[in-house]
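What follows is the content of my_file_32.cif, which has mmCIF, N, CA and C atoms:
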```
data_run
#
loop_
_atom_site.label_atom_id
_atom_site.label_comp_id
_atom_site.auth_asym_id
_atom_site.auth_seq_id
_atom_site.Cartn_x
_atom_site.Cartn_y
_atom_site.Cartn_z
N MET A 1 69.88 84.29 58.97
CA MET A 1 69.90 83.67 57.66
C MET A 1 69.42 84.67 56.62
N SER A 2 69.98 84.58 55.43
CA SER A 2 69.56 85.47 54.35
C SER A 2 68.33 84.89 53.66
N ASP A 3 67.80 85.62 52.69
CA ASP A 3 66.59 85.19 51.99
C ASP A 3 66.81 83.90 51.20
N SER A 4 68.04 83.62 50.80
CA SER A 4 68.32 82.44 50.00
C SER A 4 68.45 81.17 50.83
N GLY A 5 68.38 81.28 52.14
CA GLY A 5 68.50 80.11 52.99
C GLY A 5 69.93 79.79 53.38
N LEU A 6 70.87 80.63 52.99
CA LEU A 6 72.27 80.42 53.34
C LEU A 6 72.62 81.19 54.61
N LEU A 7 73.59 80.68 55.31
CA LEU A 7 74.10 81.41 56.46
C LEU A 7 74.87 82.63 55.96
N PRO A 8 74.97 83.69 56.73
CA PRO A 8 75.67 84.90 56.27
C PRO A 8 77.11 84.63 55.84
N ALA A 9 77.82 83.75 56.56
CA ALA A 9 79.21 83.46 56.18
C ALA A 9 79.27 82.73 54.83
N GLU A 10 78.34 81.80 54.62
CA GLU A 10 78.31 81.10 53.33
C GLU A 10 77.97 82.05 52.19
N TYR A 11 77.00 82.92 52.46
CA TYR A 11 76.59 83.88 51.44
C TYR A 11 77.75 84.80 51.07
N LEU A 12 78.47 85.29 52.06
CA LEU A 12 79.61 86.17 51.79
C LEU A 12 80.71 85.43 51.03
N ARG A 13 80.94 84.16 51.38
CA ARG A 13 81.95 83.37 50.69
C ARG A 13 81.57 83.17 49.23
N LEU A 14 80.30 82.82 48.98
CA LEU A 14 79.84 82.62 47.61
C LEU A 14 79.87 83.92 46.81
N ARG A 15 79.50 85.00 47.46
CA ARG A 15 79.52 86.30 46.79
C ARG A 15 80.94 86.68 46.41
N GLN A 16 81.88 86.45 47.31
CA GLN A 16 83.28 86.77 47.01
C GLN A 16 83.82 85.87 45.90
N ARG A 17 83.38 84.62 45.89
CA ARG A 17 83.82 83.70 44.84
C ARG A 17 83.34 84.16 43.47
N VAL A 18 82.09 84.61 43.40
CA VAL A 18 81.55 85.10 42.13
C VAL A 18 82.29 86.37 41.71
N LEU A 19 82.54 87.26 42.64
CA LEU A 19 83.28 88.48 42.32
C LEU A 19 84.69 88.16 41.84
N ASP A 20 85.33 87.18 42.46
CA ASP A 20 86.67 86.77 42.01
C ASP A 20 86.61 86.19 40.59
N LEU A 21 85.57 85.42 40.30
CA LEU A 21 85.40 84.87 38.96
C LEU A 21 85.20 86.00 37.94
N TYR A 22 84.35 86.96 38.26
CA TYR A 22 84.14 88.10 37.37
C TYR A 22 85.44 88.85 37.16
N ALA A 23 86.18 89.11 38.23
CA ALA A 23 87.43 89.86 38.12
C ALA A 23 88.46 89.10 37.30
N ALA A 24 88.55 87.79 37.49
CA ALA A 24 89.50 86.99 36.72
C ALA A 24 89.12 86.98 35.24
N THR A 25 87.85 86.88 34.94
CA THR A 25 87.41 86.90 33.55
C THR A 25 87.72 88.24 32.90
N ILE A 26 87.46 89.33 33.60
CA ILE A 26 87.76 90.65 33.06
C ILE A 26 89.26 90.81 32.84
N LEU A 27 90.06 90.34 33.78
CA LEU A 27 91.51 90.42 33.63
C LEU A 27 91.98 89.61 32.42
N LEU A 28 91.43 88.41 32.23
CA LEU A 28 91.80 87.60 31.07
C LEU A 28 91.38 88.27 29.76
N MET A 29 90.23 88.92 29.76
CA MET A 29 89.78 89.63 28.56
C MET A 29 90.73 90.79 28.25
N LEU A 30 91.15 91.53 29.27
CA LEU A 30 92.07 92.64 29.05
C LEU A 30 93.43 92.15 28.56
N VAL A 31 93.91 91.04 29.12
CA VAL A 31 95.17 90.47 28.65
C VAL A 31 95.03 90.01 27.20
N GLY A 32 93.90 89.37 26.87
CA GLY A 32 93.66 88.93 25.50
C GLY A 32 93.62 90.10 24.53
N ILE A 33 92.98 91.19 24.93
CA ILE A 33 92.94 92.38 24.08
C ILE A 33 94.35 92.92 23.87
N GLY A 34 95.14 92.96 24.93
CA GLY A 34 96.52 93.43 24.80
C GLY A 34 97.34 92.56 23.86
N ILE A 35 97.18 91.25 23.98
CA ILE A 35 97.91 90.33 23.10
C ILE A 35 97.48 90.53 21.65
N LEU A 36 96.18 90.68 21.42
CA LEU A 36 95.71 90.89 20.05
C LEU A 36 96.20 92.22 19.48
N LEU A 37 96.25 93.25 20.30
CA LEU A 37 96.77 94.53 19.82
C LEU A 37 98.25 94.43 19.48
N LEU A 38 99.01 93.76 20.33
CA LEU A 38 100.42 93.55 20.01
C LEU A 38 100.58 92.72 18.73
N TYR A 39 99.74 91.73 18.57
CA TYR A 39 99.78 90.90 17.36
C TYR A 39 99.53 91.75 16.11
N THR A 40 98.50 92.61 16.18
CA THR A 40 98.18 93.40 15.00
C THR A 40 99.26 94.44 14.71
N ILE A 41 99.89 94.96 15.74
CA ILE A 41 100.91 95.99 15.53
C ILE A 41 102.23 95.37 15.10
N LEU A 42 102.65 94.29 15.75
CA LEU A 42 103.99 93.75 15.50
C LEU A 42 104.05 92.66 14.44
N LEU A 43 103.05 91.80 14.36
CA LEU A 43 103.18 90.61 13.53
C LEU A 43 102.42 90.64 12.21
N VAL A 44 101.37 91.43 12.12
CA VAL A 44 100.58 91.41 10.89
C VAL A 44 101.34 92.05 9.74
N GLY A 45 102.03 93.13 10.00
CA GLY A 45 102.80 93.78 8.95
C GLY A 45 101.93 94.66 8.08
N PRO A 46 102.41 94.98 6.88
CA PRO A 46 101.62 95.85 6.01
C PRO A 46 100.33 95.16 5.57
N LEU A 47 99.27 95.95 5.48
CA LEU A 47 97.96 95.36 5.19
C LEU A 47 97.77 95.05 3.71
N ASP A 48 98.77 95.29 2.88
CA ASP A 48 98.63 94.95 1.47
C ASP A 48 99.19 93.58 1.13
N SER A 49 99.76 92.89 2.12
CA SER A 49 100.27 91.54 1.87
C SER A 49 99.12 90.54 1.93
N PRO A 50 99.26 89.39 1.30
CA PRO A 50 98.17 88.40 1.25
C PRO A 50 97.79 87.91 2.65
N GLY A 51 96.52 87.94 2.92
CA GLY A 51 96.02 87.43 4.20
C GLY A 51 96.13 88.39 5.36
N ALA A 52 96.85 89.50 5.18
CA ALA A 52 97.05 90.42 6.30
C ALA A 52 95.76 91.14 6.66
N GLN A 53 94.97 91.52 5.67
CA GLN A 53 93.73 92.23 5.95
C GLN A 53 92.76 91.34 6.72
N GLU A 54 92.66 90.09 6.30
CA GLU A 54 91.77 89.16 7.00
C GLU A 54 92.27 88.90 8.41
N SER A 55 93.55 88.72 8.57
CA SER A 55 94.13 88.48 9.89
C SER A 55 93.91 89.68 10.80
N PHE A 56 94.12 90.87 10.26
CA PHE A 56 93.91 92.11 11.03
C PHE A 56 92.44 92.24 11.42
N GLY A 57 91.55 91.98 10.48
CA GLY A 57 90.12 92.09 10.76
C GLY A 57 89.65 91.10 11.81
N LEU A 58 90.13 89.86 11.72
CA LEU A 58 89.73 88.86 12.71
C LEU A 58 90.27 89.20 14.10
N ALA A 59 91.52 89.67 14.16
CA ALA A 59 92.08 90.05 15.46
C ALA A 59 91.33 91.23 16.05
N LEU A 60 90.99 92.20 15.22
CA LEU A 60 90.26 93.37 15.70
C LEU A 60 88.85 92.98 16.15
N ALA A 61 88.19 92.11 15.40
CA ALA A 61 86.85 91.66 15.79
C ALA A 61 86.89 90.90 17.11
N LEU A 62 87.89 90.05 17.29
CA LEU A 62 88.01 89.31 18.55
C LEU A 62 88.30 90.25 19.71
N ALA A 63 89.12 91.27 19.48
CA ALA A 63 89.39 92.25 20.53
C ALA A 63 88.11 93.00 20.92
N PHE A 64 87.30 93.37 19.94
CA PHE A 64 86.04 94.05 20.25
C PHE A 64 85.08 93.11 20.97
N LEU A 65 85.07 91.84 20.61
CA LEU A 65 84.23 90.88 21.31
C LEU A 65 84.66 90.73 22.77
N MET A 66 85.97 90.68 23.00
CA MET A 66 86.47 90.59 24.38
C MET A 66 86.12 91.86 25.16
N ALA A 67 86.21 93.01 24.52
CA ALA A 67 85.84 94.26 25.19
C ALA A 67 84.35 94.26 25.54
N ALA A 68 83.52 93.70 24.66
CA ALA A 68 82.09 93.63 24.95
C ALA A 68 81.81 92.70 26.13
N VAL A 69 82.51 91.58 26.19
CA VAL A 69 82.33 90.65 27.32
C VAL A 69 82.76 91.32 28.62
N ALA A 70 83.91 92.00 28.60
CA ALA A 70 84.38 92.69 29.81
C ALA A 70 83.40 93.79 30.21
N GLY A 71 82.92 94.55 29.25
CA GLY A 71 81.93 95.59 29.55
C GLY A 71 80.65 95.02 30.12
N HIS A 72 80.22 93.90 29.58
CA HIS A 72 79.01 93.25 30.10
C HIS A 72 79.21 92.78 31.54
N LEU A 73 80.36 92.19 31.82
CA LEU A 73 80.61 91.71 33.18
C LEU A 73 80.71 92.86 34.17
N VAL A 74 81.35 93.95 33.78
CA VAL A 74 81.42 95.11 34.69
C VAL A 74 80.01 95.64 34.94
N ASP A 75 79.21 95.74 33.89
CA ASP A 75 77.83 96.19 34.05
C ASP A 75 77.06 95.24 34.96
N ARG A 76 77.27 93.96 34.77
CA ARG A 76 76.58 92.95 35.59
C ARG A 76 77.00 93.05 37.06
N MET A 77 78.30 93.32 37.28
CA MET A 77 78.79 93.43 38.66
C MET A 77 78.16 94.61 39.38
N TYR A 78 77.94 95.70 38.68
CA TYR A 78 77.43 96.89 39.35
C TYR A 78 75.93 97.00 39.35
N ARG A 79 75.25 96.24 38.52
CA ARG A 79 73.80 96.36 38.46
C ARG A 79 73.06 95.26 39.21
N VAL A 80 73.58 94.06 39.17
CA VAL A 80 72.81 92.92 39.63
C VAL A 80 73.61 92.15 40.67
N TRP A 81 73.14 91.00 41.04
CA TRP A 81 73.77 90.11 41.99
C TRP A 81 75.20 89.88 41.57
N PRO A 82 76.15 89.79 42.43
CA PRO A 82 76.10 89.60 43.86
C PRO A 82 76.23 90.90 44.66
N LEU A 83 76.47 92.02 44.02
CA LEU A 83 76.62 93.25 44.79
C LEU A 83 75.28 93.89 45.11
N GLY A 84 74.25 93.44 44.51
CA GLY A 84 72.96 94.07 44.70
C GLY A 84 72.82 95.21 43.70
N ARG A 85 71.63 95.61 43.46
CA ARG A 85 71.36 96.65 42.47
C ARG A 85 71.79 98.01 43.03
N ARG A 86 72.82 98.58 42.43
CA ARG A 86 73.34 99.87 42.89
C ARG A 86 72.97 101.00 41.95
N ILE A 87 72.74 100.65 40.69
CA ILE A 87 72.40 101.65 39.71
C ILE A 87 70.97 101.40 39.27
N HIS A 88 70.14 102.38 39.42
CA HIS A 88 68.76 102.25 39.00
C HIS A 88 68.57 103.12 37.76
N PRO A 89 68.35 102.50 36.62
CA PRO A 89 68.22 103.31 35.41
C PRO A 89 66.99 104.20 35.49
N THR A 90 67.09 105.36 34.91
CA THR A 90 65.96 106.27 34.91
C THR A 90 64.93 105.78 33.90
N PRO A 91 63.68 105.96 34.21
CA PRO A 91 62.67 105.53 33.24
C PRO A 91 62.75 106.42 32.00
N PRO A 92 62.47 105.85 30.85
CA PRO A 92 62.56 106.66 29.63
C PRO A 92 61.53 107.77 29.64
N GLY A 93 61.94 108.90 29.09
CA GLY A 93 61.03 110.03 29.00
C GLY A 93 60.06 109.86 27.85
N PRO A 94 59.13 110.77 27.75
CA PRO A 94 58.15 110.66 26.66
C PRO A 94 58.81 110.97 25.31
N VAL A 95 58.25 110.40 24.27
CA VAL A 95 58.73 110.68 22.92
C VAL A 95 58.15 112.02 22.49
N THR A 96 59.04 112.94 22.16
CA THR A 96 58.61 114.28 21.74
C THR A 96 59.09 114.55 20.33
N THR A 97 58.54 115.58 19.75
CA THR A 97 58.96 115.98 18.41
C THR A 97 60.41 116.44 18.42
N ALA A 98 60.81 117.14 19.46
CA ALA A 98 62.21 117.60 19.56
C ALA A 98 63.16 116.41 19.64
N GLY A 99 62.77 115.36 20.34
CA GLY A 99 63.60 114.16 20.43
C GLY A 99 63.72 113.46 19.09
N GLU A 100 62.61 113.41 18.34
CA GLU A 100 62.66 112.80 17.01
C GLU A 100 63.54 113.60 16.07
N VAL A 101 63.43 114.93 16.14
CA VAL A 101 64.27 115.78 15.29
C VAL A 101 65.74 115.58 15.62
N ARG A 102 66.07 115.52 16.91
CA ARG A 102 67.46 115.29 17.32
C ARG A 102 67.95 113.93 16.82
N PHE A 103 67.11 112.89 16.89
CA PHE A 103 67.48 111.57 16.39
C PHE A 103 67.80 111.63 14.90
N TRP A 104 66.93 112.26 14.11
CA TRP A 104 67.16 112.33 12.66
C TRP A 104 68.39 113.15 12.32
N LYS A 105 68.64 114.22 13.06
CA LYS A 105 69.85 115.02 12.83
C LYS A 105 71.10 114.19 13.08
N VAL A 106 71.12 113.45 14.18
CA VAL A 106 72.27 112.61 14.50
C VAL A 106 72.43 111.52 13.45
N LEU A 107 71.34 110.90 13.02
CA LEU A 107 71.39 109.86 12.00
C LEU A 107 71.94 110.40 10.68
N ILE A 108 71.51 111.59 10.29
CA ILE A 108 71.99 112.19 9.04
C ILE A 108 73.48 112.49 9.14
N VAL A 109 73.93 113.02 10.27
CA VAL A 109 75.35 113.32 10.44
C VAL A 109 76.18 112.04 10.42
N VAL A 110 75.72 110.99 11.09
CA VAL A 110 76.45 109.73 11.10
C VAL A 110 76.53 109.14 9.70
N CYS A 111 75.43 109.17 8.96
CA CYS A 111 75.45 108.67 7.58
C CYS A 111 76.37 109.50 6.70
N ALA A 112 76.37 110.83 6.87
CA ALA A 112 77.24 111.69 6.08
C ALA A 112 78.71 111.41 6.39
N VAL A 113 79.04 111.26 7.65
CA VAL A 113 80.42 110.96 8.03
C VAL A 113 80.84 109.61 7.47
N GLY A 114 79.96 108.62 7.54
CA GLY A 114 80.26 107.31 6.97
C GLY A 114 80.47 107.38 5.47
N ALA A 115 79.64 108.15 4.76
CA ALA A 115 79.79 108.28 3.31
C ALA A 115 81.09 108.99 2.95
N ILE A 116 81.42 110.04 3.71
CA ILE A 116 82.68 110.76 3.45
C ILE A 116 83.87 109.85 3.71
N ALA A 117 83.82 109.08 4.80
CA ALA A 117 84.93 108.16 5.10
C ALA A 117 85.05 107.10 4.01
N TYR A 118 83.92 106.61 3.50
CA TYR A 118 83.95 105.62 2.43
C TYR A 118 84.56 106.21 1.16
N LEU A 119 84.14 107.42 0.81
CA LEU A 119 84.69 108.06 -0.39
C LEU A 119 86.17 108.35 -0.26
N LEU A 120 86.57 108.84 0.92
CA LEU A 120 88.00 109.11 1.13
C LEU A 120 88.82 107.81 1.07
N GLY A 121 88.29 106.76 1.66
CA GLY A 121 88.97 105.47 1.60
C GLY A 121 89.10 104.96 0.17
N ALA A 122 88.03 105.14 -0.62
CA ALA A 122 88.08 104.70 -2.03
C ALA A 122 89.06 105.55 -2.83
N LEU A 123 89.12 106.84 -2.54
CA LEU A 123 90.06 107.72 -3.26
C LEU A 123 91.50 107.40 -2.89
N ILE A 124 91.74 107.16 -1.61
CA ILE A 124 93.11 106.87 -1.16
C ILE A 124 93.57 105.51 -1.68
N ALA A 125 92.69 104.52 -1.63
CA ALA A 125 93.07 103.17 -2.05
C ALA A 125 93.15 103.05 -3.58
N GLY A 126 92.35 103.85 -4.28
CA GLY A 126 92.27 103.66 -5.72
C GLY A 126 93.13 104.58 -6.48
#
```

Render the structure in this file as structure tokens.
Amino acid sequence: MSDSGLLPAEYLRLRQRVLDLYAATILLMLVGIGILLLYTILLVGPLDSPGAQESFGLALALAFLMAAVAGHLVDRMYRVWPLGRRIHPTPPGPVTTAGEVRFWKVLIVVCAVGAIAYLLGALIAG
């Protein structure tokens, strides 16, 4: 008997059922993302028509949400029950001055790229 009080055959059956559920959910999320991408490419049309920007944004947001759910389930499958913990995250290292400097450099670059993209978008649109 396993620690949960189930017989090994029952435990294996339940574990396989959960894995099948995870796999089916991930497959449905991938199909949903594909449908949303086809929708945005084929049916939305030019983004300057009324309602097209909102429709495109909602479809893109839903696709990212589905990708996050699929990513979470894959992470859950490999880290926790029912497969058991296979990946052990490394403990965080100490906070150093070099690490803080690297963080600020990356933050400054990301903000600069965002500002440049915003300005270019405003110049192109306006």

Given the file shown, enumerate the residues that the PyMOL selection byres ((chain A and resi 59-65) around 8) captures and present them as a PyMOL selection string.
-> chain A and resi 29+32-34+36-37+39-40+53-58+66-71

Hey, can you spit out that residue selection with N, CA and C atoms as an mmCIF file, keeping the file's coordinate frame?
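File selection-v1.cif, as written:
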```cif
data_model
loop_
_atom_site.group_PDB
_atom_site.id
_atom_site.type_symbol
_atom_site.label_atom_id
_atom_site.label_comp_id
_atom_site.auth_asym_id
_atom_site.auth_seq_id
_atom_site.Cartn_x
_atom_site.Cartn_y
_atom_site.Cartn_z
ATOM 1 N N MET A 29 90.230 88.920 29.760
ATOM 2 C CA MET A 29 89.780 89.630 28.560
ATOM 3 C C MET A 29 90.730 90.790 28.250
ATOM 4 N N GLY A 32 93.900 89.370 26.870
ATOM 5 C CA GLY A 32 93.660 88.930 25.500
ATOM 6 C C GLY A 32 93.620 90.100 24.530
ATOM 7 N N ILE A 33 92.980 91.190 24.930
ATOM 8 C CA ILE A 33 92.940 92.380 24.080
ATOM 9 C C ILE A 33 94.350 92.920 23.870
ATOM 10 N N GLY A 34 95.140 92.960 24.930
ATOM 11 C CA GLY A 34 96.520 93.430 24.800
ATOM 12 C C GLY A 34 97.340 92.560 23.860
ATOM 13 N N LEU A 36 96.180 90.680 21.420
ATOM 14 C CA LEU A 36 95.710 90.890 20.050
ATOM 15 C C LEU A 36 96.200 92.220 19.480
ATOM 16 N N LEU A 37 96.250 93.250 20.300
ATOM 17 C CA LEU A 37 96.770 94.530 19.820
ATOM 18 C C LEU A 37 98.250 94.430 19.480
ATOM 19 N N TYR A 39 99.740 91.730 18.570
ATOM 20 C CA TYR A 39 99.780 90.900 17.360
ATOM 21 C C TYR A 39 99.530 91.750 16.110
ATOM 22 N N THR A 40 98.500 92.610 16.180
ATOM 23 C CA THR A 40 98.180 93.400 15.000
ATOM 24 C C THR A 40 99.260 94.440 14.710
ATOM 25 N N GLN A 53 94.970 91.520 5.670
ATOM 26 C CA GLN A 53 93.730 92.230 5.950
ATOM 27 C C GLN A 53 92.760 91.340 6.720
ATOM 28 N N GLU A 54 92.660 90.090 6.300
ATOM 29 C CA GLU A 54 91.770 89.160 7.000
ATOM 30 C C GLU A 54 92.270 88.900 8.410
ATOM 31 N N SER A 55 93.550 88.720 8.570
ATOM 32 C CA SER A 55 94.130 88.480 9.890
ATOM 33 C C SER A 55 93.910 89.680 10.800
ATOM 34 N N PHE A 56 94.120 90.870 10.260
ATOM 35 C CA PHE A 56 93.910 92.110 11.030
ATOM 36 C C PHE A 56 92.440 92.240 11.420
ATOM 37 N N GLY A 57 91.550 91.980 10.480
ATOM 38 C CA GLY A 57 90.120 92.090 10.760
ATOM 39 C C GLY A 57 89.650 91.100 11.810
ATOM 40 N N LEU A 58 90.130 89.860 11.720
ATOM 41 C CA LEU A 58 89.730 88.860 12.710
ATOM 42 C C LEU A 58 90.270 89.200 14.100
ATOM 43 N N MET A 66 85.970 90.680 23.000
ATOM 44 C CA MET A 66 86.470 90.590 24.380
ATOM 45 C C MET A 66 86.120 91.860 25.160
ATOM 46 N N ALA A 67 86.210 93.010 24.520
ATOM 47 C CA ALA A 67 85.840 94.260 25.190
ATOM 48 C C ALA A 67 84.350 94.260 25.540
ATOM 49 N N ALA A 68 83.520 93.700 24.660
ATOM 50 C CA ALA A 68 82.090 93.630 24.950
ATOM 51 C C ALA A 68 81.810 92.700 26.130
ATOM 52 N N VAL A 69 82.510 91.580 26.190
ATOM 53 C CA VAL A 69 82.330 90.650 27.320
ATOM 54 C C VAL A 69 82.760 91.320 28.620
ATOM 55 N N ALA A 70 83.910 92.000 28.600
ATOM 56 C CA ALA A 70 84.380 92.690 29.810
ATOM 57 C C ALA A 70 83.400 93.790 30.210
ATOM 58 N N GLY A 71 82.920 94.550 29.250
ATOM 59 C CA GLY A 71 81.930 95.590 29.550
ATOM 60 C C GLY A 71 80.650 95.020 30.120
#
```

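Here atom CA of A:Leu43 and atom N of A:Ala117 stand 28.1 Å from one another.
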
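One finds atom CA of A:Arg15 at 13.1 Å from atom CA of A:Tyr78.
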
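The space separating atom C of A:Leu14 from atom C of A:Ile26 comes to 18.2 Å.
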
Run DSSP on the backbone and grab whatever in stretch 22-105 of chain A lands in alpha helix (DSSP H); send it over as a ChimeraX atom specification.
-> /A:22-38,52-79,97-105

Would you compute an axis-aligned box for stretch 31-35 of chain A, covering every atom listed for it in the file with 5 Å of margin on each side, and report centre and edge lengths in Å to one decimal as AutoDock Vina command-line options?
```
--center_x 95.4 --center_y 91.2 --center_z 25.4 --size_x 15.0 --size_y 14.5 --size_z 17.5
```

What would the file be for stretch 96-116 of chain A if you keep N, CA and C atoms and write it as a PDB file, in the first residue's frame?
```pdb
ATOM      1  N   THR A  96      23.727  40.716  -3.734  1.00  0.00           N
ATOM      2  CA  THR A  96      25.021  41.392  -3.797  1.00  0.00           C
ATOM      3  C   THR A  96      24.867  42.716  -4.528  1.00  0.00           C
ATOM      4  N   THR A  97      25.876  43.528  -4.414  1.00  0.00           N
ATOM      5  CA  THR A  97      25.876  44.810  -5.116  1.00  0.00           C
ATOM      6  C   THR A  97      25.897  44.590  -6.622  1.00  0.00           C
ATOM      7  N   ALA A  98      26.649  43.606  -7.076  1.00  0.00           N
ATOM      8  CA  ALA A  98      26.706  43.314  -8.518  1.00  0.00           C
ATOM      9  C   ALA A  98      25.328  42.886  -9.028  1.00  0.00           C
ATOM     10  N   GLY A  99      24.589  42.127  -8.240  1.00  0.00           N
ATOM     11  CA  GLY A  99      23.247  41.714  -8.637  1.00  0.00           C
ATOM     12  C   GLY A  99      22.295  42.897  -8.712  1.00  0.00           C
ATOM     13  N   GLU A 100      22.413  43.823  -7.757  1.00  0.00           N
ATOM     14  CA  GLU A 100      21.569  45.018  -7.793  1.00  0.00           C
ATOM     15  C   GLU A 100      21.897  45.880  -9.003  1.00  0.00           C
ATOM     16  N   VAL A 101      23.183  46.024  -9.301  1.00  0.00           N
ATOM     17  CA  VAL A 101      23.587  46.816 -10.466  1.00  0.00           C
ATOM     18  C   VAL A 101      23.044  46.189 -11.743  1.00  0.00           C
ATOM     19  N   ARG A 102      23.142  44.866 -11.859  1.00  0.00           N
ATOM     20  CA  ARG A 102      22.608  44.173 -13.041  1.00  0.00           C
ATOM     21  C   ARG A 102      21.101  44.374 -13.151  1.00  0.00           C
ATOM     22  N   PHE A 103      20.377  44.314 -12.023  1.00  0.00           N
ATOM     23  CA  PHE A 103      18.932  44.539 -12.029  1.00  0.00           C
ATOM     24  C   PHE A 103      18.607  45.936 -12.548  1.00  0.00           C
ATOM     25  N   TRP A 104      19.295  46.960 -12.039  1.00  0.00           N
ATOM     26  CA  TRP A 104      19.022  48.333 -12.469  1.00  0.00           C
ATOM     27  C   TRP A 104      19.378  48.550 -13.927  1.00  0.00           C
ATOM     28  N   LYS A 105      20.455  47.938 -14.396  1.00  0.00           N
ATOM     29  CA  LYS A 105      20.820  48.047 -15.814  1.00  0.00           C
ATOM     30  C   LYS A 105      19.726  47.450 -16.698  1.00  0.00           C
ATOM     31  N   VAL A 106      19.243  46.277 -16.338  1.00  0.00           N
ATOM     32  CA  VAL A 106      18.188  45.629 -17.119  1.00  0.00           C
ATOM     33  C   VAL A 106      16.917  46.463 -17.067  1.00  0.00           C
ATOM     34  N   LEU A 107      16.562  46.995 -15.905  1.00  0.00           N
ATOM     35  CA  LEU A 107      15.371  47.822 -15.772  1.00  0.00           C
ATOM     36  C   LEU A 107      15.467  49.080 -16.631  1.00  0.00           C
ATOM     37  N   ILE A 108      16.632  49.717 -16.650  1.00  0.00           N
ATOM     38  CA  ILE A 108      16.823  50.922 -17.461  1.00  0.00           C
ATOM     39  C   ILE A 108      16.697  50.594 -18.941  1.00  0.00           C
ATOM     40  N   VAL A 109      17.294  49.481 -19.375  1.00  0.00           N
ATOM     41  CA  VAL A 109      17.205  49.090 -20.782  1.00  0.00           C
ATOM     42  C   VAL A 109      15.762  48.778 -21.167  1.00  0.00           C
ATOM     43  N   VAL A 110      15.035  48.057 -20.321  1.00  0.00           N
ATOM     44  CA  VAL A 110      13.641  47.727 -20.612  1.00  0.00           C
ATOM     45  C   VAL A 110      12.791  48.994 -20.696  1.00  0.00           C
ATOM     46  N   CYS A 111      12.994  49.919 -19.773  1.00  0.00           N
ATOM     47  CA  CYS A 111      12.249  51.185 -19.816  1.00  0.00           C
ATOM     48  C   CYS A 111      12.602  51.986 -21.065  1.00  0.00           C
ATOM     49  N   ALA A 112      13.882  52.013 -21.451  1.00  0.00           N
ATOM     50  CA  ALA A 112      14.288  52.741 -22.648  1.00  0.00           C
ATOM     51  C   ALA A 112      13.675  52.126 -23.904  1.00  0.00           C
ATOM     52  N   VAL A 113      13.685  50.812 -23.992  1.00  0.00           N
ATOM     53  CA  VAL A 113      13.087  50.140 -25.150  1.00  0.00           C
ATOM     54  C   VAL A 113      11.585  50.412 -25.193  1.00  0.00           C
ATOM     55  N   GLY A 114      10.923  50.374 -24.049  1.00  0.00           N
ATOM     56  CA  GLY A 114       9.495  50.683 -24.004  1.00  0.00           C
ATOM     57  C   GLY A 114       9.211  52.114 -24.428  1.00  0.00           C
ATOM     58  N   ALA A 115      10.030  53.063 -23.981  1.00  0.00           N
ATOM     59  CA  ALA A 115       9.830  54.464 -24.357  1.00  0.00           C
ATOM     60  C   ALA A 115      10.062  54.670 -25.851  1.00  0.00           C
ATOM     61  N   ILE A 116      11.098  54.025 -26.388  1.00  0.00           N
ATOM     62  CA  ILE A 116      11.371  54.138 -27.826  1.00  0.00           C
ATOM     63  C   ILE A 116      10.228  53.535 -28.634  1.00  0.00           C
TER      64      ILE A 116
END
```
